[in-house]
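Novice: Pasting run-v8.txt here (compact mmCIF, C-alpha atoms and all ligand atoms):
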# COMPACT_ATOMS: atom_id res chain seq x y z
CA MET A 1 -5.12 38.17 4.73
CA THR A 2 -5.11 35.36 7.32
CA ARG A 3 -2.17 34.81 9.65
CA GLN A 4 -1.54 31.50 7.86
CA GLN A 5 -1.27 33.23 4.47
CA GLU A 6 0.98 35.92 5.90
CA ASN A 7 3.25 33.17 7.23
CA LEU A 8 3.33 31.43 3.87
CA PHE A 9 4.15 34.62 1.99
CA GLU A 10 6.94 35.44 4.47
CA GLN A 11 8.47 32.00 3.99
CA ILE A 12 8.41 32.37 0.20
CA THR A 13 10.02 35.82 0.43
CA ALA A 14 12.73 34.46 2.72
CA ARG A 15 13.47 31.48 0.44
CA LYS A 16 13.59 33.76 -2.60
CA LYS A 17 16.16 35.92 -0.83
CA GLU A 18 18.20 32.87 0.14
CA LEU A 19 18.16 31.60 -3.47
CA ALA A 20 18.76 35.01 -5.08
CA GLY A 21 20.76 34.74 -8.31
CA LYS A 22 19.95 31.03 -8.63
CA VAL A 23 16.20 31.06 -9.20
CA LEU A 24 14.14 33.00 -11.71
CA ILE A 25 10.36 32.95 -11.29
CA LEU A 26 8.41 33.45 -14.53
CA CYS A 27 4.67 34.09 -14.23
CA HIS A 28 1.92 34.13 -16.82
CA HIS A 29 -0.67 36.93 -16.52
CA TYR A 30 -3.42 34.44 -15.61
CA GLN A 31 -1.77 33.50 -12.32
CA HIS A 32 -3.59 34.47 -9.15
CA GLU A 33 -2.20 37.47 -7.24
CA ASP A 34 -1.05 35.15 -4.40
CA VAL A 35 1.51 33.66 -6.79
CA PHE A 36 1.94 36.59 -9.21
CA GLN A 37 3.34 38.81 -6.44
CA PHE A 38 6.47 36.60 -6.38
CA ALA A 39 7.23 36.87 -10.11
CA ASP A 40 10.63 38.11 -11.25
CA LEU A 41 9.33 38.44 -14.80
CA THR A 42 5.80 38.32 -16.19
CA GLY A 43 4.39 38.07 -19.69
CA ASP A 44 2.22 36.48 -22.35
CA SER A 45 3.34 33.21 -23.95
CA LEU A 46 5.66 34.92 -26.44
CA LYS A 47 7.32 37.20 -23.91
CA LEU A 48 7.83 34.35 -21.43
CA ALA A 49 9.37 32.14 -24.15
CA ARG A 50 11.81 34.96 -24.98
CA GLU A 51 12.59 35.55 -21.32
CA ALA A 52 13.33 31.85 -20.78
CA ALA A 53 15.68 31.89 -23.78
CA GLU A 54 17.56 34.86 -22.35
CA ALA A 55 17.78 33.77 -18.70
CA GLY A 56 21.02 31.80 -19.10
CA GLU A 57 22.55 32.95 -15.80
CA TYR A 58 19.91 31.30 -13.58
CA PRO A 59 20.36 27.58 -12.87
CA TYR A 60 16.65 27.20 -12.04
CA ILE A 61 13.59 28.62 -13.78
CA ILE A 62 10.34 28.17 -11.86
CA PHE A 63 7.49 28.45 -14.34
CA CYS A 64 4.19 29.64 -12.89
CA GLY A 65 2.00 28.89 -15.87
CA VAL A 66 0.90 25.72 -17.65
CA HIS A 67 2.74 22.66 -18.94
CA PHE A 68 3.23 23.67 -22.60
CA MET A 69 4.80 26.98 -21.47
CA ALA A 70 7.27 25.16 -19.22
CA GLU A 71 8.10 22.76 -22.06
CA SER A 72 8.84 25.68 -24.40
CA ALA A 73 11.07 27.20 -21.71
CA ASP A 74 12.91 23.87 -21.35
CA ILE A 75 13.51 23.73 -25.11
CA LEU A 76 14.78 27.32 -25.33
CA LYS A 77 16.87 27.42 -22.13
CA ALA A 78 20.58 26.61 -21.84
CA ASP A 79 21.60 22.94 -21.34
CA ASP A 80 22.64 23.34 -17.70
CA GLN A 81 19.41 24.98 -16.54
CA ALA A 82 16.37 23.24 -15.03
CA VAL A 83 12.77 24.31 -15.64
CA ILE A 84 10.32 23.51 -12.85
CA LEU A 85 6.51 23.49 -12.92
CA PRO A 86 5.24 23.69 -9.31
CA ASP A 87 2.25 21.40 -10.06
CA LEU A 88 2.41 18.84 -12.85
CA ASN A 89 -1.40 18.91 -13.15
CA ALA A 90 -1.21 22.42 -14.59
CA GLY A 91 -1.94 21.48 -18.20
CA CYS A 92 -3.90 23.27 -20.90
CA PRO A 93 -7.12 21.46 -21.90
CA MET A 94 -6.99 23.05 -25.34
CA ALA A 95 -3.45 21.77 -25.94
CA ASP A 96 -4.70 18.29 -25.00
CA MET A 97 -7.29 18.44 -27.81
CA ALA A 98 -4.59 17.56 -30.35
CA THR A 99 -2.26 14.62 -29.74
CA VAL A 100 0.71 14.01 -32.00
CA ASP A 101 -0.79 10.71 -33.17
CA GLN A 102 -4.06 12.39 -34.18
CA VAL A 103 -2.22 15.20 -35.95
CA ALA A 104 0.15 12.83 -37.77
CA ALA A 105 -2.78 10.70 -38.99
CA ALA A 106 -4.67 13.80 -40.15
CA TRP A 107 -1.56 15.11 -41.89
CA GLN A 108 -1.23 11.85 -43.81
CA GLU A 109 -4.88 11.99 -44.93
CA LEU A 110 -4.47 15.60 -46.01
CA ALA A 111 -1.22 14.83 -47.83
CA ASP A 112 -2.93 12.01 -49.75
CA VAL A 113 -5.59 14.44 -50.98
CA CYS A 114 -3.63 17.70 -51.45
CA GLY A 115 0.06 16.69 -51.64
CA ALA A 116 2.19 17.28 -48.54
CA GLN A 117 4.52 19.76 -50.26
CA ARG A 118 1.63 22.21 -50.72
CA VAL A 119 0.69 22.35 -47.04
CA VAL A 120 2.60 24.19 -44.27
CA PRO A 121 1.82 23.18 -40.66
CA VAL A 122 1.49 25.86 -37.99
CA THR A 123 0.89 25.05 -34.35
CA TYR A 124 -0.29 27.42 -31.67
CA VAL A 125 2.21 27.48 -28.80
CA ASN A 126 -0.59 25.89 -26.70
CA SER A 127 0.45 22.41 -27.86
CA SER A 128 2.75 19.63 -26.71
CA ALA A 129 6.47 19.62 -27.47
CA ARG A 130 5.89 16.52 -29.61
CA ILE A 131 3.48 18.43 -31.84
CA LYS A 132 5.94 21.32 -32.09
CA ALA A 133 8.61 18.81 -33.13
CA PHE A 134 6.29 17.31 -35.75
CA VAL A 135 5.69 20.81 -37.16
CA GLY A 136 9.35 21.83 -36.96
CA ASN A 137 10.51 18.73 -38.81
CA LEU A 138 8.00 19.46 -41.61
CA GLY A 139 9.27 23.04 -42.11
CA GLY A 140 6.43 24.71 -40.17
CA SER A 141 6.34 27.16 -37.29
CA VAL A 142 4.88 27.79 -33.88
CA CYS A 143 2.77 30.94 -33.31
CA THR A 144 1.36 32.67 -30.26
CA SER A 145 -1.71 34.86 -29.86
CA SER A 146 0.46 37.92 -30.47
CA ASN A 147 1.99 36.87 -33.79
CA ALA A 148 -0.50 34.37 -35.31
CA GLU A 149 -1.38 36.62 -38.28
CA ARG A 150 2.27 37.23 -39.11
CA VAL A 151 3.11 33.52 -38.88
CA LEU A 152 0.08 32.58 -40.98
CA ALA A 153 1.10 35.11 -43.66
CA TRP A 154 4.63 33.66 -43.61
CA ALA A 155 3.27 30.13 -44.01
CA LEU A 156 0.94 31.11 -46.87
CA ALA A 157 3.88 32.68 -48.68
CA ARG A 158 5.65 29.30 -48.54
CA GLY A 159 2.79 26.99 -49.47
CA GLU A 160 -0.74 26.96 -50.82
CA LYS A 161 -2.41 25.93 -47.58
CA VAL A 162 -1.86 26.02 -43.85
CA PHE A 163 -2.84 23.24 -41.49
CA PHE A 164 -3.37 25.06 -38.18
CA PHE A 165 -3.83 23.47 -34.74
CA PRO A 166 -5.16 23.17 -32.11
CA ASP A 167 -7.22 26.41 -31.72
CA GLU A 168 -9.93 26.80 -34.35
CA HIS A 169 -10.83 30.31 -33.14
CA LEU A 170 -7.31 31.75 -33.23
CA GLY A 171 -6.93 30.16 -36.67
CA ARG A 172 -10.17 31.68 -37.96
CA ASN A 173 -9.55 35.12 -36.43
CA SER A 174 -6.07 35.26 -37.96
CA SER A 175 -7.32 33.97 -41.35
CA LYS A 176 -10.08 36.60 -41.41
CA ALA A 177 -7.60 39.34 -40.48
CA LEU A 178 -5.57 38.32 -43.55
CA GLY A 179 -8.68 38.64 -45.75
CA ILE A 180 -9.13 34.91 -46.38
CA ALA A 181 -12.69 34.19 -47.57
CA ASP A 182 -15.09 32.01 -45.54
CA ASP A 183 -15.16 29.23 -48.14
CA GLU A 184 -11.35 29.05 -48.03
CA ILE A 185 -11.38 28.36 -44.27
CA VAL A 186 -12.36 24.80 -43.37
CA VAL A 187 -12.57 23.03 -40.04
CA TRP A 188 -10.86 19.66 -39.46
CA ARG A 189 -13.07 17.72 -37.04
CA ARG A 190 -11.01 15.32 -34.97
CA GLY A 191 -11.91 11.70 -35.48
CA GLU A 192 -13.82 12.18 -38.76
CA LYS A 193 -12.61 10.99 -42.16
CA LEU A 194 -10.87 13.89 -43.94
CA GLY A 195 -11.85 15.91 -40.88
CA GLY A 196 -15.47 15.79 -42.03
CA ASN A 197 -14.67 17.49 -45.37
CA SER A 198 -14.83 16.43 -48.99
CA ALA A 199 -11.62 16.24 -51.03
CA ALA A 200 -12.91 19.22 -53.07
CA GLN A 201 -13.41 21.34 -49.93
CA LEU A 202 -9.86 20.59 -48.80
CA ALA A 203 -8.49 21.31 -52.27
CA GLY A 204 -10.15 24.77 -52.23
CA ALA A 205 -9.06 25.63 -48.68
CA LYS A 206 -6.35 28.11 -47.72
CA THR A 207 -6.49 27.41 -44.00
CA ILE A 208 -7.54 24.11 -42.45
CA LEU A 209 -8.32 24.54 -38.75
CA TRP A 210 -8.25 21.82 -36.09
CA ASN A 211 -11.45 22.01 -34.02
CA GLY A 212 -9.85 22.65 -30.61
CA TYR A 213 -10.95 25.48 -28.33
CA CYS A 214 -10.38 27.10 -24.97
CA HIS A 215 -13.36 26.64 -22.66
CA VAL A 216 -12.51 29.87 -20.81
CA HIS A 217 -12.70 32.04 -23.95
CA GLN A 218 -15.76 30.21 -25.30
CA GLU A 219 -17.69 31.81 -22.45
CA PHE A 220 -17.64 35.22 -24.15
CA LEU A 221 -20.70 35.92 -26.27
CA VAL A 222 -21.94 38.59 -28.69
CA ARG A 223 -25.01 38.99 -26.48
CA GLN A 224 -22.77 40.15 -23.62
CA ILE A 225 -21.17 42.77 -25.88
CA ARG A 226 -24.62 44.08 -26.88
CA GLU A 227 -25.65 44.29 -23.23
CA TRP A 228 -22.49 46.21 -22.36
CA ARG A 229 -22.99 48.69 -25.17
CA LYS A 230 -26.57 49.30 -24.02
CA LYS A 231 -25.48 49.73 -20.39
CA ALA A 232 -22.36 51.85 -21.08
CA PRO A 233 -22.33 53.38 -24.60
CA ASP A 234 -18.71 54.58 -24.22
CA VAL A 235 -17.42 51.12 -23.24
CA ARG A 236 -14.37 49.74 -25.03
CA ILE A 237 -14.51 45.99 -25.54
CA ILE A 238 -11.29 44.02 -25.87
CA VAL A 239 -11.12 40.22 -26.15
CA HIS A 240 -8.45 37.56 -26.48
CA PRO A 241 -8.25 35.97 -29.97
CA GLU A 242 -9.08 32.55 -28.53
CA SER A 243 -12.65 33.91 -28.48
CA PRO A 244 -15.01 32.96 -31.33
CA TRP A 245 -14.91 35.09 -34.51
CA GLU A 246 -18.38 36.64 -33.97
CA VAL A 247 -17.19 37.93 -30.59
CA VAL A 248 -13.91 39.28 -32.00
CA ARG A 249 -15.84 40.99 -34.81
CA ALA A 250 -18.27 42.63 -32.38
CA ALA A 251 -15.47 43.80 -30.04
CA ASP A 252 -13.51 47.04 -30.52
CA PHE A 253 -10.09 45.42 -30.14
CA TYR A 254 -8.55 42.00 -29.72
CA GLY A 255 -5.11 40.77 -28.77
CA SER A 256 -2.85 38.68 -26.56
CA THR A 257 -2.80 39.18 -22.80
CA GLU A 258 0.15 41.56 -23.18
CA ARG A 259 -1.74 43.59 -25.80
CA ILE A 260 -4.81 43.76 -23.54
CA ILE A 261 -2.65 45.14 -20.72
CA ASP A 262 -1.08 47.75 -23.04
CA ALA A 263 -4.46 48.88 -24.40
CA VAL A 264 -5.84 49.46 -20.91
CA ARG A 265 -2.64 51.15 -19.74
CA GLN A 266 -2.64 53.57 -22.69
CA SER A 267 -6.32 54.56 -22.35
CA PRO A 268 -7.21 57.90 -20.69
CA PRO A 269 -8.43 58.08 -17.08
CA GLY A 270 -12.17 57.53 -16.81
CA SER A 271 -12.23 54.97 -19.65
CA THR A 272 -14.63 52.06 -19.34
CA TRP A 273 -13.44 48.60 -20.36
CA ALA A 274 -15.18 45.23 -20.66
CA ILE A 275 -12.52 42.56 -21.09
CA GLY A 276 -12.91 39.07 -22.52
CA THR A 277 -10.13 37.03 -20.97
CA GLU A 278 -9.25 35.08 -17.81
CA VAL A 279 -10.58 36.64 -14.63
CA ASN A 280 -7.29 36.89 -12.69
CA LEU A 281 -5.85 39.25 -15.31
CA VAL A 282 -9.03 41.33 -15.38
CA ASN A 283 -9.05 41.60 -11.57
CA ARG A 284 -5.41 42.70 -11.58
CA LEU A 285 -6.07 45.40 -14.19
CA LYS A 286 -9.03 46.57 -12.13
CA LYS A 287 -6.79 46.94 -9.06
CA GLN A 288 -3.93 48.61 -10.95
CA HIS A 289 -6.14 51.18 -12.72
CA GLY A 290 -8.38 52.64 -10.05
CA ASP A 291 -8.98 55.66 -12.31
CA LYS A 292 -10.70 53.47 -14.97
CA HIS A 293 -13.84 51.35 -14.94
CA ILE A 294 -12.73 47.81 -15.69
CA ASP A 295 -14.85 44.67 -15.70
CA LEU A 296 -15.03 41.19 -17.09
CA LEU A 297 -17.09 40.98 -20.30
CA ALA A 298 -19.06 37.96 -19.03
CA PRO A 299 -21.29 38.11 -15.94
CA THR A 300 -19.76 34.93 -14.47
CA PRO A 301 -16.07 34.51 -13.53
CA CYS A 302 -14.11 32.88 -16.37
CA THR A 303 -11.35 30.95 -14.65
CA CYS A 304 -8.59 28.79 -16.06
CA ALA A 305 -8.68 26.00 -13.48
CA THR A 306 -5.38 24.49 -14.57
CA MET A 307 -3.51 27.81 -14.25
CA SER A 308 -4.90 27.89 -10.69
CA CYS A 309 -3.10 24.62 -9.89
CA ILE A 310 -0.04 26.76 -9.16
CA THR A 311 -0.38 27.98 -5.59
CA PRO A 312 1.85 29.61 -2.97
CA VAL A 313 1.96 26.22 -1.23
CA ASN A 314 3.50 24.33 -4.15
CA LEU A 315 5.73 27.32 -4.99
CA LEU A 316 7.14 27.19 -1.46
CA TRP A 317 7.53 23.41 -1.72
CA VAL A 318 9.69 23.90 -4.85
CA LEU A 319 11.77 26.63 -3.18
CA ASP A 320 12.24 24.58 0.01
CA ASN A 321 13.52 21.66 -2.04
CA LEU A 322 15.87 23.86 -4.06
CA ALA A 323 17.25 25.28 -0.81
CA GLN A 324 18.18 21.69 0.09
CA GLY A 325 19.72 21.13 -3.35
CA LYS A 326 16.78 19.05 -4.65
CA VAL A 327 15.06 19.72 -7.96
CA VAL A 328 11.41 18.63 -7.97
CA ASN A 329 8.87 18.62 -10.81
CA GLN A 330 11.49 19.26 -13.46
CA ILE A 331 10.08 19.50 -17.00
CA ARG A 332 12.36 17.64 -19.39
CA VAL A 333 11.76 17.39 -23.10
CA ASP A 334 13.83 14.57 -24.62
CA ALA A 335 16.68 15.66 -26.92
CA GLU A 336 15.14 14.43 -30.19
CA THR A 337 11.76 16.10 -29.52
CA ALA A 338 13.46 19.26 -28.30
CA ALA A 339 15.57 19.53 -31.48
CA GLY A 340 12.49 19.35 -33.74
CA ALA A 341 10.42 21.65 -31.54
CA LYS A 342 13.26 24.17 -31.39
CA LEU A 343 13.21 24.42 -35.19
CA ALA A 344 9.54 25.46 -35.02
CA LEU A 345 10.05 27.82 -32.05
CA ASP A 346 13.14 29.45 -33.58
CA ARG A 347 11.25 29.97 -36.85
CA MET A 348 8.57 31.84 -34.92
CA LEU A 349 11.12 33.94 -33.04
CA GLU A 350 12.74 34.86 -36.38
CA ILE A 351 9.41 35.68 -38.08
P1 LIG A 401 -1.22 34.72 -24.23
O1 LIG A 401 -0.09 34.26 -25.06
O2 LIG A 401 -2.02 35.80 -24.90
O3 LIG A 401 -0.78 35.12 -22.88
O4 LIG A 401 -2.27 33.54 -24.08
C1 LIG A 401 -1.97 32.32 -23.51
C2 LIG A 401 -3.17 31.56 -23.21
O5 LIG A 401 -3.13 30.41 -22.88
C3 LIG A 401 -4.43 32.26 -23.34
O6 LIG A 401 -5.46 31.43 -22.96
FE1 LIG A 402 -5.38 26.73 -22.02
FE2 LIG A 402 -7.53 28.33 -22.09
FE3 LIG A 402 -6.20 27.97 -19.80
FE4 LIG A 402 -5.13 29.39 -21.82
S1 LIG A 402 -6.94 29.90 -20.63
S2 LIG A 402 -4.09 27.84 -20.57
S3 LIG A 402 -5.88 28.21 -23.59
S4 LIG A 402 -7.31 26.40 -20.97
Before we go any further, please render this structure as structure tokens.
Specialist:
Amino acid sequence: MTRQQENLFEQITARKKELAGKVLILCHHYQHEDVFQFADLTGDSLKLAREAAEAGEYPYIIFCGVHFMAESADILKADDQAVILPDLNAGCPMADMATVDQVAAAWQELADVCGAQRVVPVTYVNSSARIKAFVGNLGGSVCTSSNAERVLAWALARGEKVFFFPDEHLGRNSSKALGIADDEIVVWRRGEKLGGNSAAQLAGAKTILWNGYCHVHQEFLVRQIREWRKKAPDVRIIVHPESPWEVVRAADFYGSTERIIDAVRQSPPGSTWAIGTEVNLVNRLKKQHGDKHIDLLAPTPCTCATMSCITPVNLLWVLDNLAQGKVVNQIRVDAETAAGAKLALDRMLEI
């Protein structure tokens, strides 16, 4: 560690002490260690949403994650709390692959062909608050990577079809886990008429999947799994469900970041793991479990560049401002959007 870093970390620690009881720092597992070390609570998207909803006693929540996570926290928090994202550039490229205007237009096209009352919308939590509101107002739900199958099953019990966005892979992996046949899963290609499908294909579909994806999890390939199994026959492969279906099928396990952590924690000493998710989490697991052999599934580092926008420098900047009574980079979802989005988030939390 350089002297400069040491200085920075000392200043953050001092500010945290000064603001104790007022500030809660929530950190997603993909944050770099430099920031993660200052977390009060850590988690996957679902756990962090729950923690934000239950953190009523803290006036300020600093969210070290990406924009949609901070928006969800703002929707679920108490009225007198402020949610802060240390860098407003920390978005999620996958969430940006579906805008509310695109989704509303697609919904209308689908409704004209299939009848709106037969379709239930489900949005992955990696989406804007406006999309969550759209879904909430239509009787649909949010899901995360840890409950997508359960939410999909809930939606299919209420309607004949599910329109799922924005992650095609999570949608397909969850559909397959529920035993839905390949010809009942169709992809809605953004910008194409009827999403590039015929009316008959849409009529026969059970799940209609928006063609969004996470570039980080697209980097994991079946070829890498084969190479690992050749190199280390006892390897256990676990991947995040934002990975393509062929990769999930070839892996031994799949699950949210929290589930990945649990699987590694519960494995016996000496276990070998190849993990298909963001590199910061894999590096942390490697450090925490010196008695196990842990590596990234891919040979090149798979980094979420937008998660990395949150740094100790902008975290300190937020804390310094709070110490002077100033709230910077507050994430505010307008009341009408928040009300609709809360319907969809609450439905998920109930399911
Ligand atoms: P988790 O909910 O599994 O933490 O995933 C969030 C995410 O953005 C993964 O890319
Ligand atoms: Fe979005 Fe992928 Fe980054 Fe997760 S890892 S925040 S899905 S870009």
Novice: All residues within 9 Å of ligand LIG 402 (chain A) are required, counting all atoms listed in the file; please report them as a PyMOL selection string.
Specialist: chain A and resi 30+65-69+90-96+126+167+213-217+242+277-278+302-307
Novice: Neighbours of ligand LIG 401 (chain A) within 6 Å, counting all atoms listed in the file, as a PyMOL selection string?
Specialist: chain A and resi 44-46+144-145+256-257
Novice: Nearest to Ala133 (chain A): which of A:Ser72, A:Ser308, A:Gln218, A:Ser174 is it, counting all atoms listed in the file?
Specialist: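 Residue with the minimum atom-to-atom distance to Ala133 (chain A): A:Ser72.
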Novice: Using only C-alpha atoms, which of A:Ala344, A:Ile260, A:Val248, A:Ala274 sits nearest Glu227 (chain A)?
Specialist: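 Nearest to Glu227 (chain A): A:Ala274.
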Novice: Please provide as a PyMOL selection string all residues within 7 Å of Lys77 (chain A), with the sequence filter that same-chain residues fewer than 2 positions apart are discarded (counting only C-alpha atoms).
Specialist: chain A and resi 52-53+56+73-75+79+81
Novice: Please write the residues from the selection above to a file, keeping C-alpha atoms, as a CSV table (one decimal), keeping the file's coordinate frame.
Specialist:
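Final output, saved to out-v6.csv:
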chain,number,residue,atom,x,y,z
A,52,ALA,CA,13.3,31.8,-20.8
A,53,ALA,CA,15.7,31.9,-23.8
A,56,GLY,CA,21.0,31.8,-19.1
A,73,ALA,CA,11.1,27.2,-21.7
A,74,ASP,CA,12.9,23.9,-21.4
A,75,ILE,CA,13.5,23.7,-25.1
A,79,ASP,CA,21.6,22.9,-21.3
A,81,GLN,CA,19.4,25.0,-16.5
Novice: Identify which of the residues A:Thr207, A:Ser267, A:Ser128, A:Asn147 lies closest to Val162 (chain A), counting only C-alpha atoms when measuring atom-to-atom distances.
Specialist: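 Going through A:Thr207, A:Ser267, A:Ser128, A:Asn147 one by one, the smallest distance to Val162 (chain A) is for A:Thr207.
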Novice: Name the closest residue to Ala205 (chain A) among the candidates A:Arg189, A:Lys161, A:Lys230, A:Arg265; distances are taken between atoms, counting all atoms listed in the file.
Specialist: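 Smallest distance to Ala205 (chain A) is found for A:Lys161.
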Novice: Please identify all polymer residues within 12 Å of Val103 (chain A), counting only C-alpha atoms, omitting same-chain residues fewer than 5 positions from it, and present them as a ChimeraX atom specification.
Specialist: /A:96-98,108-111,121-123,127-128,130-135,163-166,188-191,194-195,209-212
